[in-house]
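Below: one structure, written as structure tokens.
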Amino acid sequence: MSEQFTKPATTDPVVRIEDLSVTFATDAGRVVAVQDVSLQVAAGEVLAIVGESGSGKTVTARSILGLLPETATTRGAILLTRKDGSSSADVVTVKRSELGEVRGRDAAMVFQEPSTALNPVFPVGWQIIEGLRAHGRYTRAEARAKAVDVLRRVGIPEPEKRIDSYPHQFSGGQKQRIVIAQALVLDPGVIIADEPTTALDVTVQAEILDLLRRCRDEFGTAIVLITHNMGVVADLADRVAVMYQGQLVEQADVRTLFANPRDEYTKQLLGSVPRLGQGVARTRERAAARPAGWTTATPVVEARDLRIVYPGRLRKPDFTAVDGVSFAIRPGEVLGLVGESGSGKTTIGRAIAGLTKVTGGSLSVLGTEMNGVKERRFRPVRERIGFVFQDPASSFNPLLTIAQAVAEPLVVHGRAKDAHAARGRVDELLEAVQLPRSFGDRFPHELSGGQRQRASLARALALGPELLIADEPTSALDVSVQARVLELFDELQRELGFACLFISHDLAVVDLLADRIAVLYRGQLVEEGTGEQVLGAPQHPYTQRLLASLPVPDPDEQAARRASWHQLA
Amino acid sequence: MATPATPVRRTRGLPVVRQLKQAVGLQRGMLIAGLVLTGIFLLTAAVAPLLAPYGYDQLRDADGPFGAQQSPSGEHWLGTTVGGYDVLSRVIYGTRTALAVIVVAIVLSLFIGVLIGLLSGYFGGWLDRVLVVVCDAVYAFPTLLLAIVMAIVISGGQSSLWGGIFAAAISITVIYIPQYFRVIRAETVRIKAEAYVESAKVIGASHWRIMTRHVLRNATRTLPLIFTLNASEAILTLAGLGFLGFGIEPTSGAEWGFDLNRALSDVTSGIWWTSIFPGAAIVWVVLGLTLVGESLNDLADPRLRSRRAAEAGETGEVTVVPGGPLGAGPGGLAGIEETR
Amino acid sequence: MSTTATELTGEPAVVPEAAPPSRRRRSGGGLGSYIAVRFLLIFPTIFVLVTTVFFLMRTTGDPITAALGGRLGPEELAERVAAAGYDRPLLTQYWEYLGQLVRLDFGTTLSTNQPVTEVLVDYGAATLELAFYALIVAFAVGIPLGRFAAYARDRWPDAVLRVFAILCYATPVFFAGMLLKLVFSSGLGWLPSNGRASTRSEIIMQTTVDNPTGIYLIDAFKTGNGEVVRDVLEHAVLPAIALGLLTAGVFLRLVRTNVIGTLGMGYVEAARSRGVSERRLLRKHAYRPALIPIVTVIGLQVALLLGGAVLTETTFEWRGLGFQLSEYLQARDFVAVQGLVVLLAVVVAVTNFVVDVLAALIDPRVRY
């Protein structure tokens, strides 16, 4: 490509990890985070390290740059070789001062959250140049020219001007491009990308993945990609290493891994990933089983031209979160609401639950008009609505036991005198969500994310609601946990027959559960229909783009999708 | 690597004990030092009459008057003041005055401040806005000046022991209500947006139930910290008032700031014992309380807490205080949804 | 307290820690409208304080009775009270008082029969000079030591510095002043113990300087007399240290806490991953963002400084506003006290405004 960027000179691996073990000393004693991991990354290769939380993938990646906290003990060897092959160093044993030279030059890092990886009080160009100057001598003009060049290469428009802008003046995707530029400008042999697209929307994710691919193709940079997303793996990786509880369980070429996983855990992991189109048969079956006259039954929720506006502060313009949306949810039906951040999907869910004021149009919930409703009038209706929140970490009062929290709706609506009296019903509920009864006496922080989300479901179902609103109930969970929670959800829905608004950013998850799917884009409902219609033959350009951006966990299919995405873009 | 179950909140009700167990190294040392200093202060106040060789207002004994500005000796270990009082006795009795002021001031400002902070933060609206402006105005103002105004209002200057104590305590209360208000309101506003409060709302729980059961109990976790910091400020304000002549008359009580005021002219002539000891007593108490407060603050703030151990890698779930800041959940998709 | 580092208006200077996504895009008319809104906020602040002080002071009765209560007969007292208008309804008096304030009339002292604004002109310079010296001490001591403590976090220098900071705070300024006087003045005899200058220097300044500024250091330079400059500086050393250390302790703790906070931010880690040296991480990446909340809190220190100035001036007989205030207190001249308190309220409100604007200016997220 360009003389500024070295072609990899060696066929030696740029990263060679041998028998790496990392232990942390914690309050609860020593915790082994990584155990006897050996890996190699060849020049210009993309190695994906996949695993769920706690698998040690991030610790492995960070140890490549010696970025672990001081209390971590590292054993083994991590050999980093320079891109031109001129030198190599063992990060584990190297002196602190030399570590500074190795970092950035031999290996650079791209972080999960681009908005925290950039210092808010310095211009982005300054931050790029700083890295350059840490590793070589440049005049001001040279450094600036290099920074402008790299910004252009990562796709920042008008880099000559934008170089002096501050991070907050860029969008999330642009920020991640800048973080990648910071890494690229040093021309490292390998980039460690730690969940580089997790904080981004699907459509932006596709662009960043494309950029990372160009890093490899144009700059010859190897990439160590840390991710939990199998779709991302299928899109970008050449080779995959699967980690589970600190150990490397399988390592294979990407096609081999997806086609013929050998390890039990890998099989289970791949099996848990929701895939588009899985829900079609189920939806047909459910639709066929509907009683006659169902289509004319009074909807549980009906929105007509719904508008929700947040007033702006300090003379800033109002923000229209939901702009003229109409839809209906009939009894026993699951409506999936899909959209990216800022699409207004959460706002709609909150409005139905009476947490956000409706400012225009009409929203009827179980016969109550929400536009201008008084809390006093709505309170009795609340008994018939359940809500599952996104973040299992914060949806329980940390000072109450699980049993007390699950009993709360029963107590509030007079079904039980106090939490103690409600215990029988609470135990039933816990059993229904497949949690042991004894968990009732635990505090929220003593449960894992998946367990908490089950408990959350138990609380939402305590009063036998006619309508359940689930706001991204599984997005904070690992795939295997997600799969089990979704399964449970589906079972309970069949059994209890409540209507449901299922909000998610993940098309595949929604497809799995929903009878109908509604796609939101910037506060407007752009498309609605069954999974077959919306995902099979999307009409609106946004839906098409969204669908094409979604990486699927199959390398060959994903390659085809990528081609069609390029056409759309 | 399993998510480390955090063995934190077993000893509910005894916050300081819990934090003492949690602390390590330097922070533990600071906390213990603070607790020891504070403990000695409390003990002294409790048994002052037993410790003090003379009464705080005693000018003479069987052998006649003590005499003014006597240097430390066998009879008067710390000498006598310009007014002829025994310095040691007044320093010891001063603990009682200080403690009384702390207790009255904190009880008053705590209740009022917490109540209006909770209501204001929870309900919001115009009353909230007005209260915020008022409290910010008072907060930004020199505390001593307001205390002076309050002292004038309450006692018109000098007064008896309890009159003086209440004058000082109420002046301090007026100043600290805004502080409690700010902290509790900020906590309330934060907690109000937490999913568990929203979930209580969705369930249909009444405002009262949400406020007491969910918000208040979680909002008060910072109180031990403010508590110690304000206690030390109360002492300093009391001393400042005393130093400006708004103290308690020597015949009705012992107050260190007042004694320092009287010792001001001694200093110029090189008489050190009348000022060093009451001053050191103030420093002692404030130091003790502040050390406790600072350590509690550090322990409550994950950024400042030194850990026996590392941040727990990528699961990163280190719950310091119940309801404390849980970072983004396990390395999943948290933070993807819009924040509204 | 330094622990509540939020600021007056609720919305201004963005604290660097964990800026939530909703704040990521601070668009809009930015600085101009921020300054305008912040400026308008001065008025309710002052209004609240004025009202509070007025009604509080009046609940005790009228100032004339307070000042002369024991010394005059009841008839004469009633006459004086009526003449001053203190027997009218409270709201009428309040209204009139507000009117006076708008005309910048803060009342006339009872004891010296001098307008309060004149007191400000006569003694304000002295307080300003003292506050300036104290701030120099506070910055020079607090900020570098705070950075160092953050750097040496949890090691012994950090422990020593933290205890030092707490001691600075735990020692009442007047006690610190008395200790300094005991050691350096009456003990070692190195420095003068009281006043802003020796009588000789004051006479020289009065006689040789046209239009004295009242700020002795400037006036001393104008005399061109090295002796006088030296004398003025010698007088300033102890009060400046006593008052400065109080604020220095706050700065130290503040800088330490904020720098430790920013050292844990993702961007520091990111810069480290690019090979930026630890020294530079501390000096650039951690320090700059930490500075923004610090500047805001420094604004709140003005209040602490003024309160401390009252006590410092009393301790050192430094004839400034604080010293005057305590004189009026002794004389039970509550008109003067009220006037000075309200005047200082205005000073504090305006200073806080200026500091908030400064904080906004150094924060690019507000600036653009």
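So you can find residues: chains in the structure tokens are A, B, ... in the order shown, residues in each start at 1, and ligands are numbered from 1 in order.
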
| Spatial neighbours of Leu260 in chain B, 8 Å, only C-alpha atoms, chain gap at least 4 places, as a PyMOL selection string | (chain B and resi 243+256+264+274-275+278-279) or (chain C and resi 175)

Now that the selection is made, can you save its residues with N, CA, C and O atoms as a short mmCIF file (atom, residue, chain, number, x, y, z; two decimals), in the first residue's frame?
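And here's result20.cif as it stands now:
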data_model
loop_
_atom_site.label_atom_id
_atom_site.label_comp_id
_atom_site.auth_asym_id
_atom_site.auth_seq_id
_atom_site.Cartn_x
_atom_site.Cartn_y
_atom_site.Cartn_z
N PHE B 243 -13.92 31.60 69.53
CA PHE B 243 -12.76 32.47 69.35
C PHE B 243 -13.19 33.89 69.06
O PHE B 243 -12.52 34.85 69.43
N TRP B 256 -13.17 25.26 74.26
CA TRP B 256 -11.78 25.46 73.85
C TRP B 256 -11.57 26.74 73.04
O TRP B 256 -10.59 27.44 73.23
N LEU B 264 -5.06 34.64 73.37
CA LEU B 264 -4.45 35.33 72.24
C LEU B 264 -3.34 36.29 72.68
O LEU B 264 -2.26 36.33 72.11
N THR B 274 -1.40 28.17 77.79
CA THR B 274 -2.83 28.50 77.75
C THR B 274 -3.44 28.25 76.38
O THR B 274 -4.64 28.06 76.25
N SER B 275 -2.60 28.27 75.34
CA SER B 275 -3.15 28.08 74.00
C SER B 275 -2.88 26.68 73.45
O SER B 275 -3.74 26.10 72.79
N PRO B 278 -5.66 23.66 74.78
CA PRO B 278 -7.01 23.64 74.19
C PRO B 278 -6.96 23.48 72.67
O PRO B 278 -7.78 22.76 72.08
N GLY B 279 -5.96 24.12 72.05
CA GLY B 279 -5.82 23.99 70.59
C GLY B 279 -5.56 22.55 70.20
O GLY B 279 -6.17 22.01 69.27
N PHE C 175 -5.69 28.76 65.74
CA PHE C 175 -4.73 28.00 66.52
C PHE C 175 -3.41 27.86 65.75
O PHE C 175 -2.33 28.02 66.31
#

| field | Residue hits in chain B, query chain C, radius 7 Å, only C-alpha atoms, as a PyMOL selection string | value | chain B and resi 26+133-134+136-138+140-145+149+153+236+244+267-270+272+279+283+286-287+290+303+339

| said: Please check the contacts: residues of chain A at most 9 Å away from chain C, using only C-alpha atoms, listed as a PyMOL selection string. | reply: chain A and resi 65-67+97+99-105+107-111+113-123+127+130-135+166-172+179+182-183+186+314-317

| query | chain A residues within 7 Å of chain B, counting only C-alpha atoms: which ones, as a PyMOL selection string? | reply | chain A and resi 24-28+31-33+53-55+58-59+69+71-72+198-200+245-246+341-342+353+379+382-383+387+389+393-399+409+412+446+475-478

| query | Using the chain letters and numbers from this document, which residues of range 241-373 of chain A does DSSP assign to helix (DSSP H, G or I), as a VMD selection string? | reply | chain A and resid 254 to 259 264 to 272 280 to 288 294 to 296 345 to 352

| Could you name the residues that touch range 35-45 of chain A at 6 Å or less, counting only C-alpha atoms, but leaving out those on the same chain fewer than 5 positions away, as JSON, numbers by chain? | {"A": [13, 14, 15, 16, 17, 18, 19, 20, 21, 216, 220, 221, 222, 246, 247, 248]}

| message | For Gly367 in chain A, find every residue with an atom within 10 Å (counting only C-alpha atoms), except residues of its own chain fewer than 6 positions away, and show them as a list in words. | response | Thr298, Pro299, Val300, Val301, Glu302 and Val381 of chain A

| request: Do a neighbour search on range 215-218 of chain C at 7 Å with only C-alpha atoms, toss out local chain neighbours closer than 5 positions, and write the hits as a PyMOL selection string. | output: chain C and resi 125-126+129+229+232

| request: Tell me which protein, DNA and RNA residues are within 8 Å of Ser456 in chain A, counting only C-alpha atoms, leaving out same-chain ones fewer than 2 positions away, and put them as an MDAnalysis selection string. | output: chainID A and resid 388:389 392 395:396 406 452:454 458:460

| field | Non-local contacts of Gly344 in chain A (7 Å; only C-alpha atoms; under 4 positions in same chain excluded) as a PyMOL selection string | value | chain A and resi 321-322+348+522-523

Those residues you just picked out, can you put them in a file as a compact mmCIF listing (two decimals), in the first residue's frame with N, CA and C atoms?
# COMPACT_ATOMS: atom_id res chain seq x y z
N ALA A 321 -38.47 11.19 20.95
CA ALA A 321 -37.98 9.82 21.06
C ALA A 321 -38.85 8.87 20.25
N VAL A 322 -40.14 9.15 20.26
CA VAL A 322 -41.08 8.30 19.52
C VAL A 322 -41.95 9.22 18.68
N ILE A 348 -40.87 3.28 24.33
CA ILE A 348 -42.22 2.74 24.14
C ILE A 348 -42.57 1.77 25.26
N ARG A 522 -35.05 5.62 14.51
CA ARG A 522 -35.15 7.02 14.90
C ARG A 522 -36.56 7.42 15.30
N GLY A 523 -37.18 6.63 16.13
CA GLY A 523 -38.49 6.98 16.66
C GLY A 523 -39.65 6.64 15.76
